[in-house]
Protein chains: 2
Amino acid sequence: MNKIELKSLLTDGALATPTGRIVRTLSARGALSATQIARLTGLAKSTVSTVLTELRRSDMVVEAGSESAGGVGRPATALTLNPKAGTCIGILIGQTEIQVILADVSHTVLSDRSAYLAPDYSPDTAIEYVRKLIADAYQGQWQGREGLLGVGIAVGGPVNPVTGKMLRAGGMPTWAGADMRELFGPIFDGVPIFCDNESNCAAIAEMTWGAAQGHDDFIVYTLDLGVGGAIVSGGRVLRGIAGGAGEFGHVVLDPNGPPCRCGNRGCLDVYASFREPLAESERHFGRSMRLADVVELALGGDATCRALIERAGEAGGHGLGLIGSVFNPTLVVVSGRLVAAGDMLMRPLAESFERHTLVKHGDVPDTARTILSPSRFSDNGACMGAVGLVLRHHGRLLN
Amino acid sequence: MNKIELKSLLTDGALATPTGRIVRTLSARGALSATQIARLTGLAKSTVSTVLTELRRSDMVVEAGSESAGGVGRPATALTLNPKAGTCIGILIGQTEIQVILADVSHTVLSDRSAYLAPDYSPDTAIEYVRKLIADAYQGQWQGREGLLGVGIAVGGPVNPVTGKMLRAGGMPTWAGADMRELFGPIFDGVPIFCDNESNCAAIAEMTWGAAQGHDDFIVYTLDLGVGGAIVSGGRVLRGIAGGAGEFGHVVLDPNGPPCRCGNRGCLDVYASFREPLAESERHFGRSMRLADVVELALGGDATCRALIERAGEAGGHGLGLIGSVFNPTLVVVSGRLVAAGDMLMRPLAESFERHTLVKHGDVPDTARTILSPSRFSDNGACMGAVGLVLRHHGRLLN
DNA sequence: CCGAATAAGTTCACCCTAGAACTAATGCGA
DNA sequence: TCGCATTAGTTCTAGGGTGAACTTATTCGG
């Protein structure tokens, strides 16, 4: 009965009731005290108290390991959803990688596994790997698959978040037109599937566990082999009518510029993605390299790699300036594997941003300036976001 | 007591109470039936009914002229806030124009007056004109200034919506750093002042009375002597941390391009504003012209003017493509005086949009394609939006 | 070591909102 | 012309959320 109750509270059953709102808040944010819940939900302390005693009595909510914050006054007791009450799975379908994270409703990661594939693998291959990775994930867990509350899928290409169908080619031509619900439904029959593109998932991860915690309005700007991003407004990830929001990389700068893999010409992606610099460094070193190798070499002092990364920051700042002029956001979280280069990337990026945007340093007080934060996720941001998709109930596919 | 009550209900007093929400909804949307109010606020019919009988008893809400819609079933009785309960003033501080609209809380425009000035007029001149226009506006009205509930100011340049201070030069160098609250406060002492830039006000007008009625998420794209716009997400106009959101015209396309009046180089505005085409037509005709003249001549069949407008549509589509790639919005309302050219502008605009954006025709079903709608406001959109600013309680300046 | 200050969490009576069941007013078809 | 379908609006009661006042648990200063 426990799980059934949680399931109905997490799905559409009791959206507006205090109990539903409190459970959803706990699901979305992890460990919280009663007072924090009251602030976040806007409910009265008394209401929260009543509901929580009921939830604790029925064992759906338990006390989390209290980390006494150290302030004056009675210390808050942190609460989470009972980990036994259910699990979530996050799946990343990347260009060359499939990742599966298993987590419980108290935000504890139980398992994190990846498989690396050659580019342009087929959906069938993906299904096979996902099946295997999920079996592995449950290996040695005392939690069984019957407690699975939802599955989130982060896809490395444009996907319609309502239907779960892939649009166009994007970076994954073999997936064009694929129907995520149809493909993955059979693996998890009956369990709700949530789906969104990689960038939007990364945004959810940033909002839930990363650099954008507590922010309801921010932009994620991804610098990697492609340039992309996501827009969060009012705590909502903007998807656009066809799931195409946040495609900063495919803004056309010069209609007569070099062709882009998206089909248009002169996209930002052509100038600011790390694809060309990576090729350049491969030519320089005369061997096949990965993006992470270049970053590592640059951090180790290699001047060529350092220059490539600085130039990437410079080019990336152009796109960031665009974001500044369009949104003038409070916060931009810079993500992607280039971020591992730290200040080497961030400094030229910030300088270039300043040059390419409308509102400048001197125009406004420091409190009204956009903050640039590097992402805290090294690599698994998107997949964690897929878990967050479930915990936050974003982007559920219709059955 | 009537007015005092309305004032407190419209300001921060009772935000979340049903009465407050109903009054605010009526203020924002004008005439509505009880059922519509229930749908819009999410309150139960019964609650709405109870509150409305109370509001009618105290004469704060009255029946509006019923326009029987003609469907089956009992016809709805439209209700509005009692026009006697208060007035709002909208002020437009444009580049060469000052406009004042006086309206009552039932959305009836009582007076609409403009004064045309030479560019770069001083704030002091503006104050003088505003004083005069307002005196004129109240002339012959039985409503007095004591019923004034709020003043909205639409400014033709970037303004910080929280402090009311103008940023940088923008299109109005004489206003750089001006403090709207300080300037206009003395004219309306004690009355709350709302403030936002022209484009954001236009967005509010579109949402309240225009092409975006019923939409909570859309983009306004303005093609005029400058290129600009506004972003509405979740019914909220995004302002950005320094009031710089929606400045589509100042996205840098080519960092080495021609200088823009904003200080950067190669902004979209340089390529897509109608400033250069207007100058070209002046050269062609050998006389001083206004934008409206070019549109009129084009509609009258003049080939030169027609070509200029078509070319503007083509250039404007580049920016629209950018909007498409960034937002993939459901709806874009195209505004600005060029829209008067109708299909002559919209057709090349739509074609160019298609070429410059990421998600194309064939990629998605027709239901998932961005709609382009021309604005229905010929010229007074921004000033109506300033009225809407008050009625919707957006962007209130702190006292 | 004790009490003041501070903050978290609980209790309880009252008011208010929601929902069901109702009445009211219209169009449409036989 | 009558009744049925449809939609708008009202009434009433039960249940639930709120806010005030209270209790509990901690830090800090003297």
# chains A, B, ... in the order shown; residues from 1 in each chain; ligands from 1
$ interface_residues --of "chain D" --to "chain B" --cutoff "9 Å" --atoms "only C-alpha atoms (C1' of nucleotides)" --output "PyMOL selection string"
chain D and resi 5-11
$ write_last_selection --atoms "N, CA and C atoms (P, O5', C5', C4', C3', O3' and C1' of nucleotides)" --output "CSV table (one decimal), in the first residue's frame"
chain,number,residue,atom,x,y,z
D,5,DA,P,-31.9,14.7,-23.1
D,5,DA,O5',-30.7,15.6,-23.7
D,5,DA,C5',-30.7,16.0,-25.1
D,5,DA,C4',-29.9,17.3,-25.2
D,5,DA,C3',-28.6,17.3,-24.4
D,5,DA,O3',-27.5,17.7,-25.2
D,5,DA,C1',-29.8,19.3,-24.0
D,6,DT,P,-26.0,17.6,-24.6
D,6,DT,O5',-25.8,19.2,-24.3
D,6,DT,C5',-26.1,20.2,-25.2
D,6,DT,C4',-25.8,21.5,-24.6
D,6,DT,C3',-24.7,21.6,-23.6
D,6,DT,O3',-23.8,22.7,-24.0
D,6,DT,C1',-26.6,22.6,-22.7
D,7,DT,P,-22.3,22.7,-23.6
D,7,DT,O5',-22.2,24.0,-22.7
D,7,DT,C5',-22.6,25.2,-23.2
D,7,DT,C4',-23.1,26.1,-22.1
D,7,DT,C3',-22.1,26.3,-20.9
D,7,DT,O3',-21.8,27.7,-20.9
D,7,DT,C1',-24.4,26.0,-20.2
D,8,DA,P,-20.9,28.3,-19.7
D,8,DA,O5',-22.0,29.0,-18.8
D,8,DA,C5',-22.9,30.0,-19.4
D,8,DA,C4',-23.6,30.7,-18.3
D,8,DA,C3',-22.7,31.2,-17.1
D,8,DA,O3',-23.1,32.5,-16.8
D,8,DA,C1',-24.4,29.7,-16.3
D,9,DG,P,-22.3,33.3,-15.7
D,9,DG,O5',-23.0,32.9,-14.3
D,9,DG,C5',-24.3,33.4,-14.1
D,9,DG,C4',-24.9,32.6,-12.9
D,9,DG,C3',-24.2,32.9,-11.6
D,9,DG,O3',-25.1,33.5,-10.7
D,9,DG,C1',-24.8,30.6,-11.9
D,10,DT,P,-24.6,33.9,-9.2
D,10,DT,O5',-25.4,32.8,-8.4
D,10,DT,C5',-26.8,32.7,-8.5
D,10,DT,C4',-27.3,31.7,-7.4
D,10,DT,C3',-26.8,31.9,-6.0
D,10,DT,O3',-28.0,31.8,-5.2
D,10,DT,C1',-26.4,29.7,-6.7
D,11,DT,P,-27.8,32.3,-3.7
D,11,DT,O5',-28.0,31.0,-2.9
D,11,DT,C5',-29.0,30.0,-3.3
D,11,DT,C4',-28.8,28.7,-2.5
D,11,DT,C3',-28.3,28.8,-1.1
D,11,DT,O3',-29.1,28.0,-0.2
D,11,DT,C1',-26.9,27.3,-2.2
$ interface_residues --of "chain A" --to "chain B" --cutoff "6 Å" --atoms "only C-alpha atoms" --output "list in words"
Arg168, Gly240, Ile241, Ala242, Gly244, Ala245, Gly246, Glu247, Phe248, Val251, Leu253, Leu322, Ser325, Val326, Phe327, Asn328, Pro329, Thr330, Asp363 and Ala368 of chain A
$ closest_atom_pairs --of "chain C" --to "chain B" --cutoff "10 Å" --atoms "only C-alpha atoms (C1' of nucleotides)" --output "tab-separated table"
residue	atom	partner	partner_atom	distance
C:DC16	C1'	B:Thr47	CA	9.0
C:DT17	C1'	B:Thr47	CA	6.5
C:DA18	C1'	B:Ala44	CA	6.2
C:DG19	C1'	B:Ala44	CA	8.4
C:DA24	C1'	B:Arg74	CA	7.6
C:DA25	C1'	B:Arg74	CA	4.4
C:DT26	C1'	B:Arg74	CA	4.5
C:DG27	C1'	B:Val72	CA	4.9
C:DC28	C1'	B:Val72	CA	8.5
$ write_last_selection --atoms "C-alpha atoms (C1' of nucleotides)" --output "mmCIF file, in the first residue's frame"
data_model
loop_
_atom_site.group_PDB
_atom_site.id
_atom_site.type_symbol
_atom_site.label_atom_id
_atom_site.label_comp_id
_atom_site.auth_asym_id
_atom_site.auth_seq_id
_atom_site.Cartn_x
_atom_site.Cartn_y
_atom_site.Cartn_z
ATOM 1 C "C1'" DC C 16 -13.233 29.675 4.047
ATOM 2 C "C1'" DT C 17 -13.042 26.935 -0.011
ATOM 3 C "C1'" DA C 18 -14.520 23.037 -2.650
ATOM 4 C "C1'" DG C 19 -17.851 19.874 -4.361
ATOM 5 C "C1'" DA C 24 -31.975 29.476 -14.120
ATOM 6 C "C1'" DA C 25 -31.851 30.718 -18.873
ATOM 7 C "C1'" DT C 26 -31.148 29.800 -23.433
ATOM 8 C "C1'" DG C 27 -31.238 26.975 -28.278
ATOM 9 C "C1'" DC C 28 -32.854 23.182 -30.828
#
$ residues_around --residues "range 306-315 of chain A" --least-positions-apart "2" --cutoff "8 Å" --atoms "only C-alpha atoms (C1' of nucleotides)" --output "mmCIF file with all heavy atoms, in the first residue's frame"
data_model
loop_
_atom_site.group_PDB
_atom_site.id
_atom_site.type_symbol
_atom_site.label_atom_id
_atom_site.label_comp_id
_atom_site.auth_asym_id
_atom_site.auth_seq_id
_atom_site.Cartn_x
_atom_site.Cartn_y
_atom_site.Cartn_z
ATOM 1 N N TYR A 271 31.516 27.890 -35.553
ATOM 2 C CA TYR A 271 32.637 28.699 -35.077
ATOM 3 C C TYR A 271 33.076 28.340 -33.658
ATOM 4 O O TYR A 271 34.231 28.496 -33.310
ATOM 5 C CB TYR A 271 32.276 30.185 -35.136
ATOM 6 C CG TYR A 271 31.800 30.633 -36.492
ATOM 7 C CD1 TYR A 271 30.447 30.844 -36.739
ATOM 8 C CD2 TYR A 271 32.701 30.830 -37.529
ATOM 9 C CE1 TYR A 271 30.004 31.253 -37.985
ATOM 10 C CE2 TYR A 271 32.273 31.240 -38.785
ATOM 11 C CZ TYR A 271 30.920 31.447 -39.007
ATOM 12 O OH TYR A 271 30.485 31.839 -40.241
ATOM 13 N N ALA A 272 32.131 27.904 -32.835
ATOM 14 C CA ALA A 272 32.446 27.806 -31.410
ATOM 15 C C ALA A 272 32.480 26.380 -30.863
ATOM 16 O O ALA A 272 32.827 26.189 -29.706
ATOM 17 C CB ALA A 272 31.448 28.639 -30.607
ATOM 18 N N SER A 273 32.127 25.391 -31.683
ATOM 19 C CA SER A 273 32.213 24.033 -31.148
ATOM 20 C C SER A 273 33.685 23.615 -31.103
ATOM 21 O O SER A 273 34.531 24.191 -31.770
ATOM 22 C CB SER A 273 31.425 23.054 -32.026
ATOM 23 O OG SER A 273 32.284 22.427 -32.948
ATOM 24 N N PHE A 274 33.987 22.595 -30.322
ATOM 25 C CA PHE A 274 35.384 22.175 -30.176
ATOM 26 C C PHE A 274 35.749 21.096 -31.200
ATOM 27 O O PHE A 274 36.791 20.466 -31.089
ATOM 28 C CB PHE A 274 35.641 21.681 -28.749
ATOM 29 C CG PHE A 274 37.077 21.854 -28.320
ATOM 30 C CD1 PHE A 274 37.599 23.119 -28.092
ATOM 31 C CD2 PHE A 274 37.912 20.768 -28.162
ATOM 32 C CE1 PHE A 274 38.915 23.299 -27.706
ATOM 33 C CE2 PHE A 274 39.247 20.928 -27.771
ATOM 34 C CZ PHE A 274 39.741 22.207 -27.546
ATOM 35 N N PRO A 277 38.852 22.563 -33.292
ATOM 36 C CA PRO A 277 40.061 22.585 -32.456
ATOM 37 C C PRO A 277 40.575 21.187 -32.123
ATOM 38 O O PRO A 277 41.791 20.966 -32.102
ATOM 39 C CB PRO A 277 39.592 23.300 -31.187
ATOM 40 C CG PRO A 277 38.472 24.169 -31.630
ATOM 41 C CD PRO A 277 37.788 23.425 -32.744
ATOM 42 N N VAL A 295 42.085 18.919 -22.887
ATOM 43 C CA VAL A 295 41.949 19.664 -21.634
ATOM 44 C C VAL A 295 43.068 19.275 -20.668
ATOM 45 O O VAL A 295 43.709 20.140 -20.053
ATOM 46 C CB VAL A 295 40.569 19.412 -20.988
ATOM 47 C CG1 VAL A 295 40.510 20.008 -19.598
ATOM 48 C CG2 VAL A 295 39.458 19.974 -21.867
ATOM 49 N N LEU A 297 46.034 17.956 -21.302
ATOM 50 C CA LEU A 297 47.320 18.467 -21.767
ATOM 51 C C LEU A 297 47.453 19.962 -21.487
ATOM 52 O O LEU A 297 48.500 20.436 -21.054
ATOM 53 C CB LEU A 297 47.484 18.193 -23.264
ATOM 54 C CG LEU A 297 47.842 16.751 -23.642
ATOM 55 C CD1 LEU A 297 47.669 16.520 -25.128
ATOM 56 C CD2 LEU A 297 49.285 16.451 -23.214
ATOM 57 N N ALA A 298 46.348 20.681 -21.728
ATOM 58 C CA ALA A 298 46.379 22.127 -21.497
ATOM 59 C C ALA A 298 46.632 22.419 -20.023
ATOM 60 O O ALA A 298 47.461 23.266 -19.671
ATOM 61 C CB ALA A 298 45.069 22.750 -21.944
ATOM 62 N N LEU A 299 45.950 21.689 -19.164
ATOM 63 C CA LEU A 299 46.137 21.885 -17.725
ATOM 64 C C LEU A 299 47.560 21.504 -17.317
ATOM 65 O O LEU A 299 48.130 22.067 -16.387
ATOM 66 C CB LEU A 299 45.119 21.053 -16.934
ATOM 67 C CG LEU A 299 43.669 21.558 -16.994
ATOM 68 C CD1 LEU A 299 42.732 20.554 -16.344
ATOM 69 C CD2 LEU A 299 43.546 22.913 -16.307
ATOM 70 N N GLY A 301 50.108 22.117 -19.019
ATOM 71 C CA GLY A 301 51.055 23.143 -19.435
ATOM 72 C C GLY A 301 51.320 23.200 -20.925
ATOM 73 O O GLY A 301 52.078 24.055 -21.385
ATOM 74 N N ASP A 302 50.671 22.339 -21.714
ATOM 75 C CA ASP A 302 50.926 22.349 -23.153
ATOM 76 C C ASP A 302 50.372 23.637 -23.781
ATOM 77 O O ASP A 302 49.177 23.946 -23.681
ATOM 78 C CB ASP A 302 50.270 21.136 -23.810
ATOM 79 C CG ASP A 302 50.576 21.071 -25.291
ATOM 80 O OD1 ASP A 302 49.808 21.682 -26.075
ATOM 81 O OD2 ASP A 302 51.574 20.431 -25.660
ATOM 82 N N ALA A 303 51.254 24.363 -24.454
ATOM 83 C CA ALA A 303 50.881 25.687 -24.972
ATOM 84 C C ALA A 303 49.874 25.588 -26.114
ATOM 85 O O ALA A 303 48.944 26.395 -26.215
ATOM 86 C CB ALA A 303 52.119 26.437 -25.421
ATOM 87 N N THR A 304 50.036 24.591 -26.987
ATOM 88 C CA THR A 304 49.125 24.445 -28.120
ATOM 89 C C THR A 304 47.705 24.203 -27.627
ATOM 90 O O THR A 304 46.752 24.869 -28.061
ATOM 91 C CB THR A 304 49.565 23.259 -29.004
ATOM 92 O OG1 THR A 304 50.950 23.421 -29.317
ATOM 93 C CG2 THR A 304 48.725 23.203 -30.261
ATOM 94 N N GLY A 317 32.345 32.916 -26.157
ATOM 95 C CA GLY A 317 31.834 34.170 -25.602
ATOM 96 C C GLY A 317 30.910 34.900 -26.551
ATOM 97 O O GLY A 317 30.025 35.642 -26.123
ATOM 98 N N HIS A 318 31.113 34.682 -27.845
ATOM 99 C CA HIS A 318 30.219 35.280 -28.829
ATOM 100 C C HIS A 318 28.785 34.786 -28.583
ATOM 101 O O HIS A 318 27.840 35.567 -28.508
ATOM 102 C CB HIS A 318 30.705 34.922 -30.231
ATOM 103 C CG HIS A 318 29.985 35.644 -31.339
ATOM 104 N ND1 HIS A 318 30.395 35.604 -32.634
ATOM 105 C CD2 HIS A 318 28.883 36.420 -31.325
ATOM 106 C CE1 HIS A 318 29.579 36.314 -33.387
ATOM 107 N NE2 HIS A 318 28.648 36.822 -32.603
ATOM 108 N N GLY A 319 28.657 33.479 -28.439
ATOM 109 C CA GLY A 319 27.342 32.907 -28.181
ATOM 110 C C GLY A 319 26.786 33.332 -26.835
ATOM 111 O O GLY A 319 25.585 33.560 -26.682
ATOM 112 N N LEU A 338 34.457 21.079 -21.811
ATOM 113 C CA LEU A 338 35.493 22.107 -21.826
ATOM 114 C C LEU A 338 35.645 22.783 -20.473
ATOM 115 O O LEU A 338 36.701 23.344 -20.153
ATOM 116 C CB LEU A 338 35.188 23.164 -22.888
ATOM 117 C CG LEU A 338 35.647 22.859 -24.313
ATOM 118 C CD1 LEU A 338 35.325 24.019 -25.216
ATOM 119 C CD2 LEU A 338 37.138 22.579 -24.331
ATOM 120 N N ALA A 341 38.548 22.649 -17.999
ATOM 121 C CA ALA A 341 39.759 23.467 -18.140
ATOM 122 C C ALA A 341 39.780 24.627 -17.148
ATOM 123 O O ALA A 341 40.791 25.320 -17.020
ATOM 124 C CB ALA A 341 39.872 23.991 -19.563
ATOM 125 N N MET A 344 41.141 28.691 -17.384
ATOM 126 C CA MET A 344 41.724 28.787 -18.717
ATOM 127 C C MET A 344 40.633 29.010 -19.758
ATOM 128 O O MET A 344 40.820 29.703 -20.745
ATOM 129 C CB MET A 344 42.462 27.487 -19.015
ATOM 130 C CG MET A 344 43.481 27.578 -20.113
ATOM 131 S SD MET A 344 44.135 25.946 -20.449
ATOM 132 C CE MET A 344 44.872 25.516 -18.872
ATOM 133 N N LEU A 345 39.471 28.410 -19.511
ATOM 134 C CA LEU A 345 38.323 28.631 -20.389
ATOM 135 C C LEU A 345 37.511 29.829 -19.931
ATOM 136 O O LEU A 345 37.123 30.681 -20.726
ATOM 137 C CB LEU A 345 37.415 27.400 -20.395
ATOM 138 C CG LEU A 345 36.110 27.575 -21.187
ATOM 139 C CD1 LEU A 345 36.378 27.425 -22.670
ATOM 140 C CD2 LEU A 345 35.048 26.593 -20.738
ATOM 141 N N MET A 346 37.255 29.891 -18.626
ATOM 142 C CA MET A 346 36.281 30.855 -18.109
ATOM 143 C C MET A 346 36.742 32.305 -18.282
ATOM 144 O O MET A 346 35.919 33.181 -18.527
ATOM 145 C CB MET A 346 35.986 30.572 -16.630
ATOM 146 C CG MET A 346 35.275 29.256 -16.364
ATOM 147 S SD MET A 346 33.679 29.085 -17.197
ATOM 148 C CE MET A 346 32.640 30.155 -16.202
ATOM 149 N N ARG A 347 38.042 32.550 -18.134
ATOM 150 C CA ARG A 347 38.491 33.931 -18.242
ATOM 151 C C ARG A 347 38.275 34.501 -19.643
ATOM 152 O O ARG A 347 37.578 35.500 -19.791
ATOM 153 C CB ARG A 347 39.952 34.069 -17.790
ATOM 154 C CG ARG A 347 40.355 35.534 -17.744
ATOM 155 C CD ARG A 347 41.483 35.863 -16.779
ATOM 156 N NE ARG A 347 41.428 35.134 -15.527
ATOM 157 C CZ ARG A 347 42.445 34.411 -15.044
ATOM 158 N NH1 ARG A 347 43.572 34.309 -15.735
ATOM 159 N NH2 ARG A 347 42.337 33.804 -13.878
ATOM 160 N N PRO A 348 38.809 33.862 -20.707
ATOM 161 C CA PRO A 348 38.530 34.410 -22.043
ATOM 162 C C PRO A 348 37.041 34.402 -22.373
ATOM 163 O O PRO A 348 36.556 35.288 -23.078
ATOM 164 C CB PRO A 348 39.312 33.489 -22.986
ATOM 165 C CG PRO A 348 39.705 32.313 -22.181
ATOM 166 C CD PRO A 348 39.738 32.729 -20.760
ATOM 167 N N LEU A 349 36.335 33.434 -21.831
ATOM 168 C CA LEU A 349 34.895 33.371 -22.069
ATOM 169 C C LEU A 349 34.217 34.609 -21.505
ATOM 170 O O LEU A 349 33.408 35.265 -22.176
ATOM 171 C CB LEU A 349 34.331 32.109 -21.412
ATOM 172 C CG LEU A 349 32.879 31.763 -21.687
ATOM 173 C CD1 LEU A 349 32.678 31.391 -23.141
ATOM 174 C CD2 LEU A 349 32.413 30.614 -20.802
ATOM 175 N N GLU A 351 35.560 37.483 -20.770
ATOM 176 C CA GLU A 351 35.982 38.698 -21.469
ATOM 177 C C GLU A 351 35.271 38.840 -22.802
ATOM 178 O O GLU A 351 34.799 39.919 -23.166
ATOM 179 C CB GLU A 351 37.506 38.669 -21.693
ATOM 180 C CG GLU A 351 38.293 39.005 -20.440
ATOM 181 C CD GLU A 351 39.774 38.696 -20.608
ATOM 182 O OE1 GLU A 351 40.215 38.442 -21.748
ATOM 183 O OE2 GLU A 351 40.486 38.688 -19.579
ATOM 184 N N SER A 352 35.180 37.737 -23.517
ATOM 185 C CA SER A 352 34.518 37.757 -24.810
ATOM 186 C C SER A 352 33.029 38.034 -24.648
ATOM 187 O O SER A 352 32.420 38.762 -25.433
ATOM 188 C CB SER A 352 34.753 36.417 -25.507
ATOM 189 O OG SER A 352 34.008 36.312 -26.676
#
$ select_by_dssp --residues "range 118-334 of chain B" --states "strand (DSSP E)" --output "ChimeraX atom specification"
/B:148-155,193-197,218-223,227-233,236-237,331-334
$ select_by_dssp --residues "range 53-145 of chain A" --states "helix (DSSP H, G or I)" --output "VMD selection string"
chain A and resid 53 to 57 83 to 85 123 to 138 145
$ atom_distance --atom1 "CA of Gly86 in chain B" --atom2 "CA of Gln143 in chain B"
7.9 Å
$ closest_residue --among "A:Ala28, A:Ile22, A:Val270, A:Leu149" --to "Lys84 in chain A" --atoms "only C-alpha atoms"
A:Leu149
$ residues_around --residues "range 20-22 of chain D" --least-positions-apart "5" --cutoff "10 Å" --atoms "only C-alpha atoms (C1' of nucleotides)" --output "PyMOL selection string"
chain C and resi 10-12
$ write_last_selection --atoms "C-alpha atoms (C1' of nucleotides)" --output "PDB file, in the first residue's frame"
ATOM      1  C1'  DT C  10       3.045  21.351  17.308  1.00  0.00           C
ATOM      2  C1'  DT C  11      -1.714  22.198  18.739  1.00  0.00           C
ATOM      3  C1'  DC C  12      -6.336  23.918  18.117  1.00  0.00           C
TER       4       DC C  12
END
$ atom_distance --atom1 "CA of Thr19 in chain B" --atom2 "CA of Ala154 in chain B"
29.2 Å
$ atom_distance --atom1 "C1' of DG9 in chain C" --atom2 "C1' of DT24 in chain D"
7.6 Å
